[in-house]
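Scroll down for the structure; my scribbles are underneath it.
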Amino acid sequence: NAGVTQTPKFQVLKTGQSMTLQCAQDMNHNSMYWYRQDPGMGLRLIYYSASEGTTDKGEVPNGYNVSRLNKREFSLRLESAAPSQTSVYFCASTSGIYPYEQYFGPGTRLTVT
Amino acid sequence: AQSVTQLDSQVPVFEEAPVELRCNYSSSVSVYLFWYVQYPNQGLQLLLKYLSGSTLVKGINGFEAEFNKSQTSFHLRKPSVHISDTAEYFCAVSQSYNTDKLIFGTGTRLQVFP
């Protein structure tokens with residue numbers, strides 16, 4: 001099992017450019033999440049998907065869109081990147097049942113200039 | 001609303017010394033509690049969790065944590081740290097009846113010196 005995979009690992013964008021961060025899990029999990037990690041702020045939830053076909057906003061959704069393409073894949077799109085979106089982005093998944101652990105991908109380090 | 005407070009942003013300690021990383025939470029309902037570790041340039045991995053039962057929880061790499069309901073705390077401890085424990089540690093909480101979302105603390109960077 002690869003667990004949770006993310007692509008790309010690194011990305012540099014210019015202000016106004018768009019890109020999609022990809023996430024996939026092979027654990028047959030129902031719920032998937034996108035977080036951003038910024039120094040001193042911990043992890044903040046951007047969007048999550050409790051099941052295929054559903055998505056909900058988290059704490060910091062502005063400037064982002066998501067797509068739950070199927071049970072395995074959950075993508076995050078930046079339509080018009082801004083320097084404030086410079087961050088490390090993590091995808092996570094969980095079965096939603098006991099023992100409730102979330103499994104994390106290795107992260108995507110995004111810099112917007 | 002739930003929240004998690006990690007009181008120390010950085011904890012420096014010498015190798016083989018004991019360490020405690022503090023975590024307090026606020027919630028009006030029953031909670032599940034987690035500690036995650038993030039090694040440099042990696043994702044997060046679960047160290048340990050409290051769901052129910054014994055309030056002293058043992059995790060990987062010799063870490064343990066104690067759930068204290070009256071103090072609303074879930075402090076992480078290790079009796080003797082190694083250089084390899086240098087990492088960022090995150091406390092997280094979810095509501096026991098709605099486990100879809102985790103609320104994370106801001107993290108504590110543990111720096112172990114030789």
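Ordering of the structure tokens sets the chain letters (A, B, ...); residue numbers start at 1 within each chain; ligands are numbered from 1 in the order shown.
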
Return as a PyMOL selection string the residues belonging to chain A that are within 10 Å of chain B, counting only C-alpha atoms. chain A and resi 4+31-33+37-45+48-50+58-59+88-109

Taking 4 positions as the minimum chain separation for residues in the same chain, which residues sit within 8 Å of B:Ala1 when counting only C-alpha atoms? Answer as a CSV table (one decimal) with C-alpha atoms, in the first residue's frame.
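This went into selection.csv:
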```csv
chain,number,residue,atom,x,y,z
B,26,SER,CA,-11.7,23.0,25.3
B,27,SER,CA,-14.9,21.2,24.3
B,28,SER,CA,-18.4,21.0,25.8
```

Write out as a list in words which residues come within 12 Å of A:Leu21 when counting only C-alpha atoms, dropping same-chain ones fewer than 5 positions away. Thr5, Gln6, Thr7, Pro8, Lys9, Phe10, Gln11, Trp34, Tyr35, Tyr64, Asn65, Val66, Ser67, Glu73, Phe74, Ser75, Leu76, Arg77, Leu78, Glu79, Val88, Tyr89, Phe90, Cys91, Gly105, Gly107, Thr108, Arg109 and Leu110 of chain A

Just the residues within 8 Å of B:Glu20, please, counting only C-alpha atoms, with nothing from its chain fewer than 2 positions along; format it as an MDAnalysis selection string. chainID B and resid 18 22 75:78

Selected residues, all heavy atoms, written as a PDB file, in the first residue's frame, please.
```pdb
ATOM      1  N   PRO B  18      14.292  13.829  30.359  1.00  0.00           N
ATOM      2  CA  PRO B  18      12.849  13.639  30.170  1.00  0.00           C
ATOM      3  C   PRO B  18      12.233  14.882  29.528  1.00  0.00           C
ATOM      4  O   PRO B  18      12.787  15.983  29.609  1.00  0.00           O
ATOM      5  CB  PRO B  18      12.334  13.446  31.598  1.00  0.00           C
ATOM      6  CG  PRO B  18      13.291  14.234  32.433  1.00  0.00           C
ATOM      7  CD  PRO B  18      14.627  14.115  31.762  1.00  0.00           C
ATOM      8  N   ARG B  22       3.035  20.034  26.401  1.00  0.00           N
ATOM      9  CA  ARG B  22       1.732  20.275  26.988  1.00  0.00           C
ATOM     10  C   ARG B  22       0.652  20.540  25.950  1.00  0.00           C
ATOM     11  O   ARG B  22       0.902  21.210  24.938  1.00  0.00           O
ATOM     12  CB  ARG B  22       1.817  21.443  27.976  1.00  0.00           C
ATOM     13  CG  ARG B  22       2.734  21.170  29.160  1.00  0.00           C
ATOM     14  CD  ARG B  22       2.783  22.347  30.098  1.00  0.00           C
ATOM     15  NE  ARG B  22       3.467  23.490  29.486  1.00  0.00           N
ATOM     16  CZ  ARG B  22       3.477  24.699  30.025  1.00  0.00           C
ATOM     17  NH1 ARG B  22       2.805  24.934  31.140  1.00  0.00           N
ATOM     18  NH2 ARG B  22       4.143  25.685  29.432  1.00  0.00           N
ATOM     19  N   HIS B  75      -1.206  15.804  28.002  1.00  0.00           N
ATOM     20  CA  HIS B  75       0.225  16.084  27.870  1.00  0.00           C
ATOM     21  C   HIS B  75       0.988  14.861  27.406  1.00  0.00           C
ATOM     22  O   HIS B  75       0.723  13.737  27.838  1.00  0.00           O
ATOM     23  CB  HIS B  75       0.792  16.566  29.212  1.00  0.00           C
ATOM     24  CG  HIS B  75       0.137  17.816  29.729  1.00  0.00           C
ATOM     25  ND1 HIS B  75      -0.434  18.759  28.914  1.00  0.00           N
ATOM     26  CD2 HIS B  75      -0.030  18.268  31.004  1.00  0.00           C
ATOM     27  CE1 HIS B  75      -0.934  19.754  29.642  1.00  0.00           C
ATOM     28  NE2 HIS B  75      -0.693  19.478  30.917  1.00  0.00           N
ATOM     29  N   LEU B  76       1.969  15.108  26.569  1.00  0.00           N
ATOM     30  CA  LEU B  76       2.812  14.049  25.998  1.00  0.00           C
ATOM     31  C   LEU B  76       4.124  13.994  26.763  1.00  0.00           C
ATOM     32  O   LEU B  76       4.739  15.039  27.021  1.00  0.00           O
ATOM     33  CB  LEU B  76       3.070  14.356  24.524  1.00  0.00           C
ATOM     34  CG  LEU B  76       3.906  13.353  23.727  1.00  0.00           C
ATOM     35  CD1 LEU B  76       3.124  12.066  23.504  1.00  0.00           C
ATOM     36  CD2 LEU B  76       4.308  13.956  22.381  1.00  0.00           C
ATOM     37  N   ARG B  77       4.589  12.772  27.069  1.00  0.00           N
ATOM     38  CA  ARG B  77       5.816  12.643  27.857  1.00  0.00           C
ATOM     39  C   ARG B  77       6.704  11.553  27.267  1.00  0.00           C
ATOM     40  O   ARG B  77       6.229  10.608  26.626  1.00  0.00           O
ATOM     41  CB  ARG B  77       5.494  12.262  29.305  1.00  0.00           C
ATOM     42  CG  ARG B  77       4.608  13.243  30.021  1.00  0.00           C
ATOM     43  CD  ARG B  77       4.437  12.855  31.492  1.00  0.00           C
ATOM     44  NE  ARG B  77       3.518  13.775  32.158  1.00  0.00           N
ATOM     45  CZ  ARG B  77       2.265  13.497  32.440  1.00  0.00           C
ATOM     46  NH1 ARG B  77       1.754  12.309  32.152  1.00  0.00           N
ATOM     47  NH2 ARG B  77       1.491  14.390  33.036  1.00  0.00           N
ATOM     48  N   LYS B  78       7.997  11.724  27.523  1.00  0.00           N
ATOM     49  CA  LYS B  78       8.961  10.661  27.232  1.00  0.00           C
ATOM     50  C   LYS B  78      10.038  10.741  28.300  1.00  0.00           C
ATOM     51  O   LYS B  78      10.578  11.827  28.560  1.00  0.00           O
ATOM     52  CB  LYS B  78       9.555  10.808  25.834  1.00  0.00           C
ATOM     53  CG  LYS B  78      10.443   9.628  25.449  1.00  0.00           C
ATOM     54  CD  LYS B  78      10.816   9.632  23.991  1.00  0.00           C
ATOM     55  CE  LYS B  78      11.631   8.397  23.663  1.00  0.00           C
ATOM     56  NZ  LYS B  78      12.004   8.312  22.226  1.00  0.00           N
TER      57      LYS B  78
END
```

Just want the 6 Å neighbourhood of stretch 81-86 of chain B, counted on only C-alpha atoms, with same-chain residues fewer than 4 positions away dropped. Output as a count of residues only. 6

What residues in chain A get the DSSP label strand (DSSP E or B)? Please answer as a compact mmCIF listing (two decimals) with N, CA and C atoms, in the first residue's frame.
```txt
# COMPACT_ATOMS: atom_id res chain seq x y z
N VAL A 4 -1.26 7.49 1.30
CA VAL A 4 -1.73 8.73 0.70
C VAL A 4 -0.58 9.33 -0.11
N THR A 5 -0.83 9.57 -1.38
CA THR A 5 0.20 10.15 -2.24
C THR A 5 -0.25 11.52 -2.72
N GLN A 6 0.73 12.41 -2.90
CA GLN A 6 0.46 13.77 -3.37
C GLN A 6 1.42 14.13 -4.47
N THR A 7 0.91 14.86 -5.46
CA THR A 7 1.77 15.43 -6.49
C THR A 7 1.32 16.85 -6.79
N PHE A 10 6.91 19.84 -4.97
CA PHE A 10 7.27 21.26 -4.92
C PHE A 10 6.66 21.97 -6.12
N GLN A 11 6.32 23.24 -5.93
CA GLN A 11 5.80 24.02 -7.04
C GLN A 11 6.03 25.49 -6.76
N VAL A 12 6.47 26.21 -7.80
CA VAL A 12 6.58 27.66 -7.72
C VAL A 12 5.64 28.25 -8.76
N LEU A 13 4.79 29.16 -8.32
CA LEU A 13 3.84 29.81 -9.21
C LEU A 13 4.05 31.31 -9.17
N MET A 19 -3.24 26.24 -10.64
CA MET A 19 -2.69 24.88 -10.60
C MET A 19 -3.60 23.99 -9.77
N THR A 20 -3.43 22.70 -9.97
CA THR A 20 -4.18 21.70 -9.24
C THR A 20 -3.22 20.79 -8.50
N LEU A 21 -3.47 20.61 -7.22
CA LEU A 21 -2.72 19.65 -6.41
C LEU A 21 -3.51 18.34 -6.37
N GLN A 22 -2.79 17.27 -6.62
CA GLN A 22 -3.45 15.97 -6.70
C GLN A 22 -3.20 15.16 -5.44
N CYS A 23 -4.21 14.39 -5.05
CA CYS A 23 -4.09 13.51 -3.89
C CYS A 23 -4.83 12.21 -4.19
N ALA A 24 -4.23 11.11 -3.81
CA ALA A 24 -4.87 9.81 -3.98
C ALA A 24 -4.56 8.93 -2.78
N GLN A 25 -5.53 8.09 -2.41
CA GLN A 25 -5.31 7.12 -1.32
C GLN A 25 -5.79 5.75 -1.77
N SER A 31 -13.40 9.35 3.89
CA SER A 31 -13.20 10.79 4.08
C SER A 31 -11.82 11.22 3.66
N MET A 32 -11.75 12.38 3.00
CA MET A 32 -10.47 12.95 2.59
C MET A 32 -10.45 14.43 2.90
N TYR A 33 -9.23 14.96 3.10
CA TYR A 33 -9.08 16.31 3.62
C TYR A 33 -7.92 17.03 2.92
N TRP A 34 -8.03 18.35 2.83
CA TRP A 34 -6.92 19.20 2.45
C TRP A 34 -6.66 20.19 3.57
N TYR A 35 -5.39 20.23 4.02
CA TYR A 35 -4.94 21.17 5.04
C TYR A 35 -3.83 22.04 4.46
N ARG A 36 -3.67 23.20 5.07
CA ARG A 36 -2.45 23.97 4.84
C ARG A 36 -1.73 24.17 6.15
N GLN A 37 -0.40 24.16 6.07
CA GLN A 37 0.43 24.32 7.26
C GLN A 37 1.28 25.55 7.10
N ASP A 38 1.14 26.48 8.02
CA ASP A 38 1.91 27.71 8.04
C ASP A 38 2.60 27.84 9.39
N GLY A 42 -0.09 25.85 12.93
CA GLY A 42 -0.53 24.46 12.90
C GLY A 42 -1.12 24.09 11.55
N LEU A 43 -2.02 23.14 11.56
CA LEU A 43 -2.70 22.73 10.33
C LEU A 43 -4.11 23.31 10.34
N ARG A 44 -4.48 23.89 9.24
CA ARG A 44 -5.83 24.44 9.12
C ARG A 44 -6.54 23.76 7.97
N LEU A 45 -7.78 23.38 8.20
CA LEU A 45 -8.55 22.64 7.21
C LEU A 45 -9.06 23.57 6.13
N ILE A 46 -8.81 23.21 4.88
CA ILE A 46 -9.26 24.01 3.75
C ILE A 46 -10.62 23.49 3.28
N TYR A 47 -10.67 22.24 2.90
CA TYR A 47 -11.88 21.56 2.47
C TYR A 47 -11.79 20.11 2.91
N TYR A 48 -12.94 19.48 3.00
CA TYR A 48 -12.95 18.05 3.22
C TYR A 48 -14.10 17.41 2.46
N SER A 49 -14.00 16.10 2.33
CA SER A 49 -15.01 15.32 1.62
C SER A 49 -15.32 14.08 2.47
N ASP A 56 -17.14 19.80 1.57
CA ASP A 56 -17.55 20.85 2.49
C ASP A 56 -16.38 21.76 2.80
N LYS A 57 -16.72 23.02 3.08
CA LYS A 57 -15.68 23.99 3.41
C LYS A 57 -15.16 23.74 4.82
N TYR A 64 -9.76 28.66 -2.95
CA TYR A 64 -9.55 27.25 -3.31
C TYR A 64 -10.85 26.61 -3.79
N ASN A 65 -10.70 25.61 -4.64
CA ASN A 65 -11.80 24.73 -5.00
C ASN A 65 -11.31 23.30 -4.93
N VAL A 66 -12.25 22.37 -4.75
CA VAL A 66 -11.88 20.96 -4.66
C VAL A 66 -12.79 20.12 -5.53
N SER A 67 -12.28 18.94 -5.85
CA SER A 67 -13.07 17.96 -6.58
C SER A 67 -12.79 16.58 -6.00
N ARG A 68 -13.87 15.89 -5.60
CA ARG A 68 -13.71 14.48 -5.20
C ARG A 68 -14.03 13.67 -6.44
N GLU A 73 -9.54 9.70 -5.13
CA GLU A 73 -8.85 10.93 -5.50
C GLU A 73 -9.59 12.19 -5.05
N PHE A 74 -8.80 13.15 -4.56
CA PHE A 74 -9.36 14.40 -4.06
C PHE A 74 -8.39 15.51 -4.44
N SER A 75 -8.77 16.39 -5.35
CA SER A 75 -7.85 17.40 -5.85
C SER A 75 -8.20 18.77 -5.30
N LEU A 76 -7.16 19.60 -5.20
CA LEU A 76 -7.30 20.98 -4.70
C LEU A 76 -6.84 21.92 -5.80
N ARG A 77 -7.67 22.89 -6.15
CA ARG A 77 -7.33 23.80 -7.23
C ARG A 77 -7.21 25.23 -6.73
N LEU A 78 -6.13 25.88 -7.15
CA LEU A 78 -5.96 27.31 -6.94
C LEU A 78 -6.22 27.97 -8.28
N SER A 87 2.53 28.08 1.11
CA SER A 87 2.29 27.22 2.26
C SER A 87 2.73 25.80 1.91
N VAL A 88 2.62 24.92 2.90
CA VAL A 88 2.77 23.50 2.66
C VAL A 88 1.37 22.89 2.75
N TYR A 89 1.01 22.13 1.75
CA TYR A 89 -0.34 21.58 1.67
C TYR A 89 -0.29 20.07 1.91
N PHE A 90 -1.15 19.62 2.81
CA PHE A 90 -1.23 18.20 3.13
C PHE A 90 -2.61 17.66 2.81
N CYS A 91 -2.62 16.50 2.23
CA CYS A 91 -3.84 15.74 2.03
C CYS A 91 -3.87 14.64 3.09
N ALA A 92 -5.06 14.30 3.54
CA ALA A 92 -5.21 13.24 4.54
C ALA A 92 -6.48 12.45 4.25
N SER A 93 -6.55 11.26 4.81
CA SER A 93 -7.75 10.46 4.64
C SER A 93 -8.00 9.64 5.91
N THR A 94 -9.25 9.23 6.07
CA THR A 94 -9.62 8.37 7.19
C THR A 94 -10.81 7.53 6.79
N TYR A 103 -4.66 9.61 8.06
CA TYR A 103 -3.38 9.29 7.44
C TYR A 103 -3.02 10.42 6.50
N PHE A 104 -1.76 10.87 6.59
CA PHE A 104 -1.33 12.05 5.84
C PHE A 104 -0.40 11.70 4.69
N THR A 108 2.86 19.03 -0.24
CA THR A 108 3.30 19.80 -1.40
C THR A 108 3.72 21.17 -0.91
N ARG A 109 4.96 21.53 -1.20
CA ARG A 109 5.46 22.85 -0.80
C ARG A 109 5.24 23.80 -1.95
N LEU A 110 4.35 24.79 -1.76
CA LEU A 110 3.98 25.73 -2.81
C LEU A 110 4.48 27.13 -2.46
N THR A 111 5.15 27.73 -3.43
CA THR A 111 5.59 29.12 -3.28
C THR A 111 4.95 29.94 -4.39
N VAL A 112 4.33 31.04 -4.00
CA VAL A 112 3.72 31.95 -4.96
C VAL A 112 4.47 33.28 -4.91
```

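Using only C-alpha atoms for every distance, the candidate list A:Asn28, A:Thr55, A:Gln17, A:Thr113 yields A:Thr113 as the residue closest to A:Ser84.
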
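Shell of A:Gly16 at 7 Å, with only C-alpha atoms counted and residues fewer than 2 places along the chain excluded, is Lys14, Ser18, Ser80, Ala81 and Ala82 of chain A.
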
Limited to all heavy atoms, could you put the picked residues into a file as a compact mmCIF listing (two decimals), in the first residue's frame?
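Resulting contents of again27.txt:
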```txt
# COMPACT_ATOMS: atom_id res chain seq x y z
N LYS A 14 3.66 31.97 -10.24
CA LYS A 14 3.59 33.43 -10.22
C LYS A 14 2.17 33.83 -9.82
O LYS A 14 1.20 33.09 -10.07
CB LYS A 14 3.93 33.99 -11.58
CG LYS A 14 5.37 33.77 -12.02
CD LYS A 14 5.66 34.52 -13.30
CE LYS A 14 6.98 34.18 -13.92
NZ LYS A 14 8.12 34.20 -13.01
N SER A 18 -2.70 29.46 -12.17
CA SER A 18 -3.54 28.43 -11.56
C SER A 18 -2.81 27.10 -11.53
O SER A 18 -1.87 26.89 -12.30
CB SER A 18 -4.85 28.30 -12.34
OG SER A 18 -4.57 27.86 -13.66
N SER A 80 -6.42 31.34 -9.03
CA SER A 80 -5.60 32.52 -9.26
C SER A 80 -4.72 32.70 -8.03
O SER A 80 -5.13 33.30 -7.03
CB SER A 80 -6.49 33.75 -9.48
OG SER A 80 -5.70 34.91 -9.67
N ALA A 81 -3.53 32.12 -8.12
CA ALA A 81 -2.68 32.04 -6.93
C ALA A 81 -2.27 33.42 -6.42
O ALA A 81 -2.02 34.35 -7.21
CB ALA A 81 -1.45 31.21 -7.24
N ALA A 82 -2.18 33.52 -5.10
CA ALA A 82 -1.76 34.75 -4.43
C ALA A 82 -0.61 34.43 -3.48
O ALA A 82 -0.51 33.29 -3.00
CB ALA A 82 -2.92 35.36 -3.64
```

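Between atom CA of B:Tyr39 and atom CA of B:Arg109 the separation is 10.0 Å.
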
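For the pair atom CA of B:Ala65 and atom CA of B:Pro114, the interatomic distance is 24.5 Å.
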